[in-house]
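Novice: Structure file query.cif (mmCIF, C-alpha atoms) is given on the next line.
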```
data_coords
loop_
_atom_site.label_atom_id
_atom_site.label_comp_id
_atom_site.auth_asym_id
_atom_site.auth_seq_id
_atom_site.Cartn_x
_atom_site.Cartn_y
_atom_site.Cartn_z
CA MET A 381 119.16 73.88 93.10
CA MET A 382 122.61 75.49 93.15
CA ARG A 383 124.55 74.42 96.20
CA ARG A 384 127.60 76.14 97.56
CA ARG A 385 130.69 74.13 98.35
CA TRP A 386 131.94 74.43 101.88
CA SER A 387 135.24 73.18 103.22
CA LYS A 388 135.34 70.76 106.11
CA ASP A 389 136.79 73.56 108.22
CA SER A 390 133.70 75.69 107.60
CA GLU A 391 131.77 73.39 109.96
CA THR A 392 133.78 74.73 112.90
CA ASP A 393 134.47 78.34 111.89
CA PRO A 394 133.39 80.79 114.62
CA SER A 395 130.10 82.36 113.62
CA SER A 396 131.23 85.82 114.72
CA SER A 397 133.79 85.93 111.92
CA LEU A 398 130.95 85.97 109.35
CA TYR A 399 129.51 89.24 110.70
CA PRO A 400 132.63 91.33 111.43
CA LEU A 401 132.37 94.68 113.19
CA ARG A 402 134.26 97.86 112.46
CA PRO A 403 137.30 98.10 114.77
CA ASP A 404 136.05 101.34 116.34
CA CYS A 405 132.73 99.67 117.30
CA ALA A 406 133.88 96.22 118.41
CA ASN A 407 134.41 97.12 122.07
CA ASN A 408 130.90 98.55 122.51
CA ALA A 409 129.00 95.68 120.88
CA PRO A 410 127.48 92.78 122.86
CA ASP A 411 129.48 89.55 122.74
CA THR A 412 128.12 86.76 120.55
CA LYS A 413 127.19 83.74 122.66
CA PHE A 414 126.15 81.49 119.78
CA LYS A 415 128.61 78.67 119.15
CA ILE A 416 128.49 75.99 116.49
CA LYS A 417 128.02 72.71 118.38
CA VAL A 418 128.74 69.45 116.60
CA GLY A 419 125.78 67.10 116.91
CA ARG A 420 123.37 69.89 117.89
CA THR A 421 123.64 72.74 115.39
CA LEU A 422 122.10 72.05 111.97
CA SER A 423 125.27 71.45 109.92
CA VAL A 424 125.88 71.81 106.20
CA ARG A 425 126.09 68.03 105.84
CA LYS A 426 122.85 67.36 107.77
CA TRP A 427 121.05 70.06 105.82
CA HIS A 428 121.97 68.61 102.43
CA ALA A 429 121.17 65.08 103.65
CA ALA A 430 117.64 66.19 104.57
CA PHE A 431 116.66 66.57 100.90
CA SER A 432 115.32 63.72 98.77
CA GLN A 433 116.69 63.12 95.30
CA GLN A 434 113.81 65.21 93.85
CA GLY A 435 114.28 67.97 96.38
CA SER A 436 111.59 67.53 99.03
CA LEU A 437 112.81 68.44 102.52
CA HIS A 438 112.50 66.22 105.59
CA ILE A 439 111.46 69.19 107.68
CA ALA A 440 110.97 67.28 110.95
CA SER A 441 114.67 66.39 111.25
CA VAL A 442 115.66 69.94 110.34
CA LEU A 443 113.40 71.48 112.99
CA SER A 444 114.75 69.10 115.62
CA ARG A 445 118.32 70.20 114.92
CA ILE A 446 117.50 73.91 114.86
CA GLN A 447 115.58 73.69 118.13
CA ARG A 448 118.63 72.08 119.76
CA GLY A 449 121.41 74.28 118.43
CA GLY A 450 120.42 76.74 115.70
CA VAL A 451 121.66 76.82 112.11
CA HIS A 452 125.21 76.79 110.81
CA PRO A 453 125.82 80.31 109.44
CA ALA A 454 126.99 78.90 106.10
CA ILE A 455 123.47 77.67 105.25
CA ARG A 456 121.30 80.24 107.02
CA ASN A 457 120.25 81.85 103.74
CA GLU A 458 118.82 78.55 102.44
CA VAL A 459 117.28 77.41 105.73
CA TRP A 460 115.56 80.73 106.42
CA GLU A 461 113.68 80.59 103.12
CA PHE A 462 111.92 77.47 104.41
CA LEU A 463 111.46 78.67 108.00
CA LEU A 464 109.84 81.89 106.75
CA GLY A 465 107.48 80.09 104.37
CA CYS A 466 109.06 81.10 101.07
CA PHE A 467 109.00 77.46 99.99
CA ASP A 468 106.94 74.37 100.75
CA PRO A 469 109.10 71.58 102.23
CA ASP A 470 107.28 69.13 99.93
CA SER A 471 108.32 71.04 96.78
CA THR A 472 110.99 69.78 94.38
CA PHE A 473 114.21 71.49 93.28
CA ASP A 474 112.61 72.34 89.92
CA GLU A 475 109.45 73.74 91.52
CA ARG A 476 111.48 75.99 93.79
CA ASP A 477 113.61 77.21 90.90
CA HIS A 478 110.41 78.15 89.05
CA ILE A 479 108.99 79.95 92.11
CA ARG A 480 112.26 81.80 92.69
CA ASN A 481 112.47 82.99 89.08
CA THR A 482 108.82 84.08 89.11
CA ARG A 483 109.34 86.06 92.31
CA ARG A 484 112.50 87.69 91.01
CA MET A 485 110.61 88.88 87.94
CA GLN A 486 107.76 90.17 90.12
CA TYR A 487 110.17 92.11 92.31
CA ALA A 488 111.85 93.56 89.21
CA ARG A 489 108.44 94.78 87.97
CA TRP A 490 107.60 96.39 91.31
CA LYS A 491 111.00 98.02 91.51
CA GLU A 492 110.60 99.40 88.01
CA GLN A 493 107.18 100.83 88.96
CA CYS A 494 108.82 102.57 91.90
CA ARG A 495 111.68 103.82 89.74
CA GLU A 496 109.18 105.35 87.29
CA MET A 497 107.55 107.18 90.21
CA ASP A 498 110.89 108.29 91.62
CA SER A 499 114.17 107.92 89.74
CA HIS A 500 116.21 107.54 92.93
CA VAL A 501 115.03 103.94 93.31
CA GLY A 502 117.76 101.68 91.95
CA SER A 503 120.14 104.61 91.45
CA GLY A 504 122.50 103.68 94.27
CA LYS A 505 121.60 106.85 96.15
CA ILE A 506 119.63 107.24 99.35
CA ILE A 507 117.13 110.02 100.01
CA THR A 508 117.67 111.57 103.43
CA ALA A 509 115.48 114.71 103.26
CA PRO A 510 111.93 115.30 101.97
CA ILE A 511 111.64 115.60 98.20
CA ILE A 512 108.00 116.73 98.11
CA THR A 513 105.67 118.68 100.39
CA GLU A 514 102.58 117.09 101.93
CA ASP A 515 100.62 118.76 99.11
CA GLY A 516 102.71 116.91 96.52
CA VAL A 517 104.83 119.88 95.40
CA PRO A 518 108.45 118.91 94.56
CA ILE A 519 111.12 120.40 96.82
CA LYS A 520 114.00 121.66 94.70
CA ASP A 521 116.55 121.63 97.49
CA PRO A 522 119.95 120.60 96.01
CA LEU A 523 120.91 118.84 99.26
CA VAL A 524 118.22 116.20 99.39
CA LEU A 525 120.36 113.18 98.64
CA LEU A 526 123.12 111.49 100.52
CA GLU A 527 124.97 109.15 98.24
CA ALA A 528 125.73 105.84 99.88
CA THR A 529 129.50 106.20 99.89
CA SER A 530 131.51 104.10 102.31
CA ASP A 531 132.31 107.04 104.56
CA GLN A 532 128.79 108.52 104.38
CA SER A 533 130.22 111.99 103.88
CA THR A 534 129.25 113.07 100.38
CA LEU A 535 126.09 115.10 99.91
CA GLN A 536 124.84 115.39 96.36
CA GLY A 537 122.00 117.06 94.60
CA GLY A 538 119.73 115.15 92.28
CA SER A 539 116.59 115.02 90.26
CA THR A 540 113.27 115.26 92.04
CA SER A 541 111.56 113.66 89.09
CA SER A 542 107.96 112.64 89.56
CA GLY A 543 108.36 109.75 87.13
CA ASN A 544 106.38 109.32 83.95
CA GLY A 545 103.77 111.97 84.70
CA ASN A 546 101.00 109.74 86.06
CA GLY A 547 99.18 111.49 88.90
CA VAL A 548 100.94 114.80 88.22
CA ASP A 549 99.53 118.29 87.77
CA GLU A 550 101.50 119.27 84.64
CA ALA A 551 101.09 123.02 85.19
CA MET A 552 102.59 123.05 88.68
CA GLY A 553 104.55 119.78 88.80
CA ARG A 554 102.37 118.83 91.77
CA LEU A 555 101.54 115.19 92.43
CA THR A 556 97.82 114.50 92.70
CA ASP A 557 97.81 110.78 93.44
CA LYS A 558 97.51 110.46 97.23
CA GLN A 559 99.10 107.01 97.33
CA ILE A 560 102.16 108.22 95.43
CA ILE A 561 102.42 111.29 97.67
CA GLU A 562 102.26 109.17 100.83
CA TRP A 563 104.89 106.81 99.45
CA LYS A 564 107.29 109.57 98.40
CA LEU A 565 106.92 111.24 101.79
CA THR A 566 108.31 108.10 103.46
CA LEU A 567 111.42 107.75 101.27
CA HIS A 568 113.62 110.13 103.26
CA GLN A 569 112.63 108.49 106.56
CA ILE A 570 113.65 105.14 105.11
CA GLY A 571 116.97 106.71 104.14
CA LEU A 572 117.61 108.14 107.60
CA ASP A 573 116.82 104.79 109.23
CA VAL A 574 118.98 102.84 106.75
CA LEU A 575 121.99 104.99 107.63
CA ARG A 576 121.46 104.16 111.32
CA THR A 577 120.91 100.42 110.89
CA ASP A 578 123.72 98.04 111.91
CA ARG A 579 126.27 100.76 111.27
CA SER A 580 128.84 98.92 113.39
CA MET A 581 129.06 96.17 110.75
CA VAL A 582 131.77 96.09 108.12
CA PHE A 583 129.12 94.83 105.69
CA TYR A 584 127.44 98.25 105.54
CA GLU A 585 130.64 100.10 104.69
CA LYS A 586 129.87 99.08 101.10
CA LYS A 587 127.54 101.59 99.47
CA GLU A 588 125.76 98.93 97.39
CA ASN A 589 124.57 97.17 100.55
CA LEU A 590 123.10 100.38 101.97
CA SER A 591 121.32 101.18 98.72
CA LYS A 592 120.03 97.60 98.47
CA LEU A 593 118.45 97.94 101.92
CA TRP A 594 116.89 101.29 100.96
CA ASP A 595 115.54 99.93 97.67
CA ILE A 596 113.90 96.90 99.30
CA LEU A 597 112.22 99.00 101.98
CA ALA A 598 111.07 101.56 99.39
CA VAL A 599 109.51 98.83 97.22
CA TYR A 600 107.85 97.18 100.22
CA ALA A 601 106.40 100.51 101.34
CA TRP A 602 104.79 100.81 97.91
CA ILE A 603 103.25 97.34 97.68
CA ASP A 604 101.98 97.33 101.29
CA LYS A 605 99.90 100.46 101.05
CA GLU A 606 97.99 99.76 104.27
CA VAL A 607 101.10 99.68 106.47
CA GLY A 608 103.72 101.36 104.31
CA TYR A 609 107.04 101.97 106.07
CA CYS A 610 107.51 102.34 109.83
CA GLN A 611 110.56 102.72 112.00
CA GLY A 612 111.95 99.35 113.01
CA MET A 613 111.45 97.70 109.62
CA SER A 614 115.06 98.43 108.65
CA ASP A 615 116.23 96.38 111.67
CA LEU A 616 114.07 93.47 110.50
CA CYS A 617 115.17 93.71 106.87
CA SER A 618 118.90 94.14 107.46
CA PRO A 619 119.66 90.45 108.23
CA MET A 620 118.02 89.46 104.92
CA ILE A 621 120.40 91.74 103.04
CA VAL A 622 123.38 90.28 104.90
CA LEU A 623 122.39 86.65 104.32
CA LEU A 624 121.01 86.65 100.77
CA ASN A 625 123.11 87.95 97.90
CA ASP A 626 120.21 88.40 95.49
CA GLU A 627 118.18 91.52 96.24
CA ALA A 628 114.89 89.94 95.14
CA ASP A 629 115.44 86.88 97.35
CA ALA A 630 116.19 89.16 100.31
CA PHE A 631 113.01 91.12 99.57
CA TRP A 632 110.83 88.00 99.62
CA CYS A 633 112.29 86.80 102.92
CA PHE A 634 111.56 90.22 104.39
CA GLU A 635 108.04 90.15 102.92
CA ARG A 636 107.42 86.75 104.53
CA LEU A 637 108.73 88.00 107.88
CA MET A 638 106.39 90.99 107.63
CA ARG A 639 103.46 88.60 107.16
CA ARG A 640 104.06 87.62 110.79
CA LEU A 641 104.78 91.10 112.07
CA ARG A 642 102.91 93.65 109.96
CA GLY A 643 100.10 93.75 112.52
CA ASN A 644 102.60 95.29 114.95
CA PHE A 645 103.09 98.21 112.57
CA ARG A 646 99.42 98.76 111.75
CA CYS A 647 98.43 101.85 113.75
CA THR A 648 95.28 103.95 113.91
CA GLN A 649 94.28 107.02 115.90
CA GLN A 650 92.66 104.66 118.41
CA SER A 651 95.32 101.96 118.84
CA VAL A 652 98.95 100.97 118.36
CA GLY A 653 99.53 97.86 116.25
CA VAL A 654 101.59 96.03 118.86
CA GLU A 655 98.89 96.60 121.48
CA ASN A 656 97.50 93.06 121.11
CA GLN A 657 100.82 91.52 122.03
CA LEU A 658 101.23 93.90 124.97
CA GLN A 659 97.80 92.85 126.22
CA HIS A 660 98.73 89.16 125.84
CA LEU A 661 101.91 89.84 127.80
CA ALA A 662 99.97 91.54 130.57
CA SER A 663 97.56 88.59 130.81
CA ILE A 664 100.41 86.07 130.93
CA ILE A 665 102.31 87.89 133.68
CA GLN A 666 99.09 88.41 135.63
CA VAL A 667 98.49 84.64 135.59
CA LEU A 668 102.09 83.45 136.11
CA ASP A 669 103.44 86.18 138.39
CA PRO A 670 100.58 88.25 139.83
CA LYS A 671 102.86 89.92 142.38
CA LEU A 672 105.09 91.27 139.61
CA HIS A 673 102.08 92.35 137.56
CA ASP A 674 100.65 94.29 140.50
CA HIS A 675 104.04 95.92 141.09
CA LEU A 676 104.30 96.99 137.45
CA GLU A 677 100.82 98.50 137.64
CA THR A 678 101.82 100.41 140.79
CA LEU A 679 104.83 101.82 138.92
CA GLY A 680 102.59 102.95 136.06
CA GLY A 681 103.80 100.21 133.73
CA GLY A 682 100.62 98.16 133.63
CA ASP A 683 100.25 98.87 129.92
CA TYR A 684 103.61 97.10 129.36
CA LEU A 685 104.71 99.75 126.85
CA PHE A 686 108.24 99.33 128.18
CA ALA A 687 108.35 96.08 126.16
CA PHE A 688 107.41 97.88 122.93
CA ARG A 689 110.89 97.74 121.39
CA MET A 690 111.39 94.03 122.08
CA PHE A 691 108.29 93.22 120.06
CA MET A 692 108.89 95.68 117.24
CA VAL A 693 112.41 94.57 116.33
CA LEU A 694 112.47 91.09 117.91
CA PHE A 695 115.31 91.68 120.39
CA ARG A 696 117.67 93.15 117.79
CA ARG A 697 118.78 95.81 120.30
CA GLU A 698 119.17 93.33 123.18
CA LEU A 699 121.50 90.94 121.32
CA SER A 700 124.55 90.92 119.09
CA PHE A 701 123.81 90.60 115.37
CA GLY A 702 124.78 86.91 115.34
CA ASP A 703 122.78 86.07 118.45
CA SER A 704 119.68 87.85 117.14
CA LEU A 705 119.80 85.61 114.06
CA TYR A 706 120.17 82.58 116.34
CA LEU A 707 117.16 83.67 118.40
CA TRP A 708 115.03 84.30 115.30
CA GLU A 709 115.68 80.90 113.74
CA MET A 710 115.03 79.18 117.06
CA MET A 711 111.70 81.02 117.36
CA TRP A 712 110.70 80.23 113.78
CA ALA A 713 111.58 76.56 114.19
CA LEU A 714 109.54 76.33 117.40
CA GLU A 715 106.55 78.04 115.74
CA TYR A 716 106.91 76.27 112.39
CA ASP A 717 103.70 75.31 110.59
CA PRO A 718 104.15 73.29 107.35
CA ASP A 719 100.95 74.84 105.96
CA MET A 720 102.47 78.32 106.15
CA PHE A 721 103.56 78.40 102.50
CA SER A 722 100.12 77.47 101.14
CA ARG A 723 98.34 80.01 103.39
CA TYR A 724 100.70 82.78 102.30
CA GLU A 725 100.12 81.91 98.66
CA GLU A 726 96.34 82.08 99.16
CA THR A 727 96.35 85.72 100.23
CA GLY A 728 99.07 87.28 98.06
CA PRO A 729 101.99 89.52 99.10
CA ALA A 730 101.96 92.13 101.88
CA THR A 731 98.87 90.74 103.60
CA ASP A 732 98.07 88.95 106.83
CA ILE A 733 97.96 85.16 107.12
CA ALA A 734 94.73 83.65 105.77
CA GLN A 735 92.37 83.25 108.71
CA GLY A 736 90.44 80.07 109.37
CA SER A 737 92.38 77.91 106.91
CA LYS A 738 92.06 74.21 107.66
CA PRO A 739 95.43 72.47 108.01
CA ARG A 740 96.34 69.74 105.58
CA VAL A 741 96.82 66.31 107.15
CA LYS A 742 100.47 66.14 108.25
CA SER A 743 102.53 64.41 110.88
CA THR A 744 102.73 66.52 114.03
CA ARG A 745 106.52 66.11 113.85
CA GLN A 746 106.45 68.51 110.91
CA PHE A 747 105.27 71.25 113.27
CA GLY A 748 107.52 73.15 115.66
CA LYS A 749 107.54 72.25 119.34
CA TYR A 750 105.66 75.41 120.35
CA GLU A 751 103.04 74.85 117.66
CA ARG A 752 102.62 71.20 118.70
CA ALA A 753 101.95 72.27 122.29
CA ASN A 754 99.22 74.63 121.04
CA MET A 755 97.68 71.88 118.93
CA LYS A 756 97.77 69.41 121.82
CA ASN A 757 95.94 71.88 124.05
CA GLY A 758 93.37 72.83 121.43
CA VAL A 759 94.82 76.28 120.75
CA ASN A 760 94.36 77.13 117.09
CA GLY A 761 97.40 79.15 115.99
CA VAL A 762 95.48 80.65 113.06
CA ASP A 763 92.41 81.89 114.89
CA CYS A 764 94.13 82.83 118.14
CA PRO A 765 97.75 83.66 117.39
CA VAL A 766 99.94 84.33 120.42
CA PRO A 767 103.49 84.30 119.01
CA ILE A 768 106.30 82.80 121.01
CA SER A 769 107.87 86.27 121.20
CA VAL A 770 105.25 87.15 123.84
CA PHE A 771 106.47 84.30 126.05
CA LEU A 772 110.07 85.31 125.34
CA VAL A 773 109.41 88.78 126.72
CA ALA A 774 107.55 87.20 129.63
CA SER A 775 110.59 85.02 130.33
CA VAL A 776 112.81 88.12 130.49
CA LEU A 777 110.43 89.70 133.02
CA LYS A 778 110.24 86.49 135.07
CA GLU A 779 114.03 86.15 135.04
CA ASN A 780 114.33 89.66 136.45
CA SER A 781 111.26 89.47 138.68
CA GLN A 782 113.04 89.69 142.04
CA LYS A 783 115.25 92.53 140.89
CA LEU A 784 112.23 94.45 139.58
CA LEU A 785 110.30 93.89 142.81
CA GLN A 786 113.19 94.94 145.03
CA GLU A 787 114.81 97.78 143.07
CA ALA A 788 112.22 99.30 140.72
CA ARG A 789 110.62 102.33 142.41
CA GLY A 790 109.49 104.03 139.22
CA LEU A 791 109.37 103.63 135.44
CA ASP A 792 112.93 104.92 135.10
CA ASP A 793 114.17 102.11 137.35
CA LEU A 794 112.11 99.58 135.42
CA ILE A 795 113.57 100.67 132.08
CA ARG A 796 117.12 100.80 133.52
CA ILE A 797 116.89 97.24 134.81
CA LEU A 798 115.52 95.92 131.53
CA ASN A 799 118.13 97.85 129.54
CA ASN A 800 120.78 95.95 131.46
CA VAL A 801 119.50 92.86 129.68
CA ASN A 802 121.26 94.21 126.58
CA GLY A 803 124.08 91.87 125.63
CA ASN A 804 123.32 89.50 128.53
CA LEU A 805 120.38 87.62 127.03
CA ASP A 806 121.08 83.99 126.12
CA ALA A 807 118.95 83.07 123.09
CA LYS A 808 118.86 79.31 123.77
CA LYS A 809 118.00 79.72 127.46
CA ALA A 810 115.41 82.37 126.65
CA CYS A 811 113.63 80.01 124.22
CA GLU A 812 113.72 77.18 126.75
CA ALA A 813 112.30 79.48 129.42
CA ALA A 814 109.60 80.68 127.01
CA LEU A 815 108.52 77.09 126.31
CA LYS A 816 108.30 76.33 130.03
CA LEU A 817 106.23 79.47 130.65
CA HIS A 818 104.00 78.59 127.72
CA ALA A 819 103.38 75.09 129.11
CA LYS A 820 102.71 76.46 132.59
CA TYR A 821 100.34 79.10 131.20
CA LEU A 822 98.41 76.51 129.19
CA ARG A 823 98.05 74.28 132.27
CA LYS A 824 96.74 77.15 134.37
CA MET A 825 94.32 78.27 131.67
CA GLN A 826 93.08 74.69 131.16
CA GLY A 827 92.50 74.46 134.91
CA LYS A 828 90.30 77.57 134.81
CA LYS A 829 87.97 76.09 132.20
CA PRO A 830 84.60 74.86 133.56
#
```
I need this file expressed as structure tokens, please.
Specialist:
Amino acid sequence: MMRRRWSKDSETDPSSSLYPLRPDCANNAPDTKFKIKVGRTLSVRKWHAAFSQQGSLHIASVLSRIQRGGVHPAIRNEVWEFLLGCFDPDSTFDERDHIRNTRRMQYARWKEQCREMDSHVGSGKIITAPIITEDGVPIKDPLVLLEATSDQSTLQGGSTSSGNGNGVDEAMGRLTDKQIIEWKLTLHQIGLDVLRTDRSMVFYEKKENLSKLWDILAVYAWIDKEVGYCQGMSDLCSPMIVLLNDEADAFWCFERLMRRLRGNFRCTQQSVGVENQLQHLASIIQVLDPKLHDHLETLGGGDYLFAFRMFMVLFRRELSFGDSLYLWEMMWALEYDPDMFSRYEETGPATDIAQGSKPRVKSTRQFGKYERANMKNGVNGVDCPVPISVFLVASVLKENSQKLLQEARGLDDLIRILNNVNGNLDAKKACEAALKLHAKYLRKMQGKKP
């Protein structure tokens, strides 16, 4: 495994310097609360020391560090690949190199398939207006592309090629393949969202970074035909682009994250994908703070839709970029299941976690603290998944309970109070509060059992 060399000073560099903001945006962005703490944050030295000579990872010691103080920004790219289930902690350096190379080739094949269907993929340009009608007829508007220049000011025309002719009515140039039509209809929406994502960051002043984000989301929308692309995915994918230099590696981290979250984006005419988590949230608040729950119902917020955004983009809008990464890695470490890699491999890409899989025999120390609490109380995280994010949102509501009870006289007040959380949320304290609420909820539910 290739390892970067880091200076001794890199152990104490402020994390905010790694994710610089444009000068004109710095004053409006939330402050970053995350600080590298010696002896608590997973350091570069401790990370490298956690590997055996062959490359297996002592995951228990890594999780303990992350749960206490997060991950040093210099190694986030490597650590996240394990936390997200890209690699098995028991694998060797050679095995991971083989897996990485295989995945890179797979991504290259998928990207080439997409490029054959639409030549804008991989071109460095971003589609920002529809290129076909809903009937599959190409739109020959010369202003359908916005090239990803650093100042985002240059509109250019371009080919509206339908690729190699598969699924095309040759006489009219009309696409006939419904899956291709649906995919091409999403490309401009991806482009519009990409141009709005993390625009305060210096990183996205480079056109290649914008086009990389667009390409990854376009490829994912093609391979996950059930879910496709939905608003919010660009916020989830952006950190992968920032942390991982290789586009294919960033794609696979995003794909693994979507394994956890794709259910939130799966919508039908009857239900919204995130509805299950909203229902869990309602049940938790009803048990832990019935007075607040009743008040929210009186205000017309009993469906908890006001928490929709927190679930969809995992607090990206409530925190600075650096603090959102800190919160994510804390959550993933607390939820960590060492069988995650094998279950993901069983089902293939862009699918849900395999249901009903029996865990391999492992030390409970290899599981995250949240997952261990579920196991201890007989809650099977595979059959009955309640992610820690639900308890995180519950902790925000509990923290603001008195304010909501005293000041909220309508939904507008409710939303205003919760919007004031923006920039004021402390990731470490929120995770600690979520764990306490989880333990309290489990005790109450155990007490209700006959």
Novice: For Leu401 (chain A), which residue out of A:Leu597, A:Met720, A:Met755, A:Asp578 is the nearest one, using all atoms listed in the file?
Specialist: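 The shortest atom-to-atom distance to Leu401 (chain A) comes from A:Asp578.
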Novice: So that I can check the surroundings of Asp674 (chain A), please list as a PyMOL selection string every protein, DNA and RNA residue that reaches within 10 Å of it, counting all atoms listed in the file and ignoring chain neighbours fewer than 6 positions away.
Specialist: chain A and resi 665-666+680-682+785
Novice: Could you jot down the CA of Ile439 (chain A) to CA of Ser618 (chain A) separation for me, Å, one decimal place?
Specialist: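 Result for CA of Ile439 (chain A) versus CA of Ser618 (chain A): 26.0 Å, one decimal.
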Novice: Mind running region 595-620 of chain A against region 562-566 of chain A at 9 Å and telling me each contacting residue's nearest atom pair with the distance in Å (one decimal), counting only C-alpha atoms, chain and number ascending, as a tab-separated table?
Specialist:
```
residue	atom	partner	partner_atom	distance
A:Ala598	CA	A:Trp563	CA	8.1
A:Ala601	CA	A:Trp563	CA	6.7
A:Trp602	CA	A:Trp563	CA	6.2
A:Lys605	CA	A:Trp563	CA	8.2
A:Gly608	CA	A:Trp563	CA	7.4
A:Tyr609	CA	A:Thr566	CA	6.8
A:Cys610	CA	A:Thr566	CA	8.6
```
Novice: Report as a PDB file with C-alpha atoms, in the coordinates of the input the residues that result from applying the PyMOL selection byres ((chain A and resi 438) around 12) to the structure here.
Specialist:
```
ATOM      1  CA  LYS A 426     122.850  67.360 107.770  1.00  0.00           C
ATOM      2  CA  TRP A 427     121.050  70.060 105.820  1.00  0.00           C
ATOM      3  CA  HIS A 428     121.970  68.610 102.430  1.00  0.00           C
ATOM      4  CA  ALA A 429     121.170  65.080 103.650  1.00  0.00           C
ATOM      5  CA  ALA A 430     117.640  66.190 104.570  1.00  0.00           C
ATOM      6  CA  PHE A 431     116.660  66.570 100.900  1.00  0.00           C
ATOM      7  CA  SER A 432     115.320  63.720  98.770  1.00  0.00           C
ATOM      8  CA  GLN A 433     116.690  63.120  95.300  1.00  0.00           C
ATOM      9  CA  GLN A 434     113.810  65.210  93.850  1.00  0.00           C
ATOM     10  CA  GLY A 435     114.280  67.970  96.380  1.00  0.00           C
ATOM     11  CA  SER A 436     111.590  67.530  99.030  1.00  0.00           C
ATOM     12  CA  LEU A 437     112.810  68.440 102.520  1.00  0.00           C
ATOM     13  CA  ILE A 439     111.460  69.190 107.680  1.00  0.00           C
ATOM     14  CA  ALA A 440     110.970  67.280 110.950  1.00  0.00           C
ATOM     15  CA  SER A 441     114.670  66.390 111.250  1.00  0.00           C
ATOM     16  CA  VAL A 442     115.660  69.940 110.340  1.00  0.00           C
ATOM     17  CA  LEU A 443     113.400  71.480 112.990  1.00  0.00           C
ATOM     18  CA  SER A 444     114.750  69.100 115.620  1.00  0.00           C
ATOM     19  CA  ARG A 445     118.320  70.200 114.920  1.00  0.00           C
ATOM     20  CA  PHE A 462     111.920  77.470 104.410  1.00  0.00           C
ATOM     21  CA  ASP A 468     106.940  74.370 100.750  1.00  0.00           C
ATOM     22  CA  PRO A 469     109.100  71.580 102.230  1.00  0.00           C
ATOM     23  CA  ASP A 470     107.280  69.130  99.930  1.00  0.00           C
ATOM     24  CA  SER A 471     108.320  71.040  96.780  1.00  0.00           C
ATOM     25  CA  THR A 472     110.990  69.780  94.380  1.00  0.00           C
ATOM     26  CA  PRO A 718     104.150  73.290 107.350  1.00  0.00           C
ATOM     27  CA  SER A 743     102.530  64.410 110.880  1.00  0.00           C
ATOM     28  CA  ARG A 745     106.520  66.110 113.850  1.00  0.00           C
ATOM     29  CA  GLN A 746     106.450  68.510 110.910  1.00  0.00           C
ATOM     30  CA  PHE A 747     105.270  71.250 113.270  1.00  0.00           C
TER      31      PHE A 747
END
```
Novice: Have a look at CA of Leu623 (chain A) and CA of Tyr487 (chain A) and let me know their distance in Å, one decimal.
Specialist: 18.0 Å
Novice: List, as a list in words, every residue that the PyMOL selection byres ((chain A and resi 694-703) around 6) selects in the file provided.
Specialist: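 That expression, the PyMOL selection byres ((chain A and resi 694-703) around 6), corresponds here to Pro410, Thr412, Phe414, Met690, Phe691, Met692, Val693, Ser704, Leu705, Tyr706, Asn802 and Gly803 of chain A.
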Novice: The selected residues should be written to file as an mmCIF file, keeping the file's coordinate frame (atoms: C-alpha atoms).
Specialist:
```cif
data_model
loop_
_atom_site.group_PDB
_atom_site.id
_atom_site.type_symbol
_atom_site.label_atom_id
_atom_site.label_comp_id
_atom_site.auth_asym_id
_atom_site.auth_seq_id
_atom_site.Cartn_x
_atom_site.Cartn_y
_atom_site.Cartn_z
ATOM 1 C CA PRO A 410 127.480 92.780 122.860
ATOM 2 C CA THR A 412 128.120 86.760 120.550
ATOM 3 C CA PHE A 414 126.150 81.490 119.780
ATOM 4 C CA MET A 690 111.390 94.030 122.080
ATOM 5 C CA PHE A 691 108.290 93.220 120.060
ATOM 6 C CA MET A 692 108.890 95.680 117.240
ATOM 7 C CA VAL A 693 112.410 94.570 116.330
ATOM 8 C CA SER A 704 119.680 87.850 117.140
ATOM 9 C CA LEU A 705 119.800 85.610 114.060
ATOM 10 C CA TYR A 706 120.170 82.580 116.340
ATOM 11 C CA ASN A 802 121.260 94.210 126.580
ATOM 12 C CA GLY A 803 124.080 91.870 125.630
#
```
Novice: Excluding same-chain residues fewer than 6 positions from region 624-629 of chain A, what lies within 10 Å of it counting all atoms listed in the file, as a PyMOL selection string?
Specialist: chain A and resi 456-458+460-461+466+480-481+483-488+491+589+592-593+595-596+635
Novice: Between CA of Phe634 (chain A) and CA of Cys617 (chain A), what is the spacing in Å?
Specialist: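 Here the two named atoms are 5.6 Å from each other.
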Novice: Go through the shown structure with the PyMOL selection byres ((chain A and resi 568-572) around 7) and write out the matching residues as a list in words.
Specialist: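 Those residues are Ile506, Ile507, Thr508, Ala509, Pro510, Leu565, Thr566, Leu567, Asp573, Val574, Leu575, Arg576 and Trp594 of chain A.
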Novice: So that I can check the surroundings of Glu812 (chain A), please list as a VMD selection string every protein, DNA and RNA residue that reaches within 12 Å of it, counting only C-alpha atoms and ignoring chain neighbours fewer than 3 positions away.
Specialist: chain A and resid 447 to 449 707 710 to 711 714 749 to 750 768 771 to 772 775 to 776 806 to 809 815 to 819
Novice: Given all atoms listed in the file as the basis, pick out the residue of A:Val607, A:Ile519, A:Leu668, A:Val459 nearest to Arg646 (chain A).
Specialist: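 Of A:Val607, A:Ile519, A:Leu668, A:Val459, the one nearest Arg646 (chain A), counting all atoms listed in the file, is A:Val607.
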Novice: Using only C-alpha atoms, find the one residue out of A:Leu784, A:Phe688, A:Tyr821, A:Ala810 that sits nearest to Asn754 (chain A).
Specialist: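 With only C-alpha atoms as the atom set, the closest residue is A:Tyr821.
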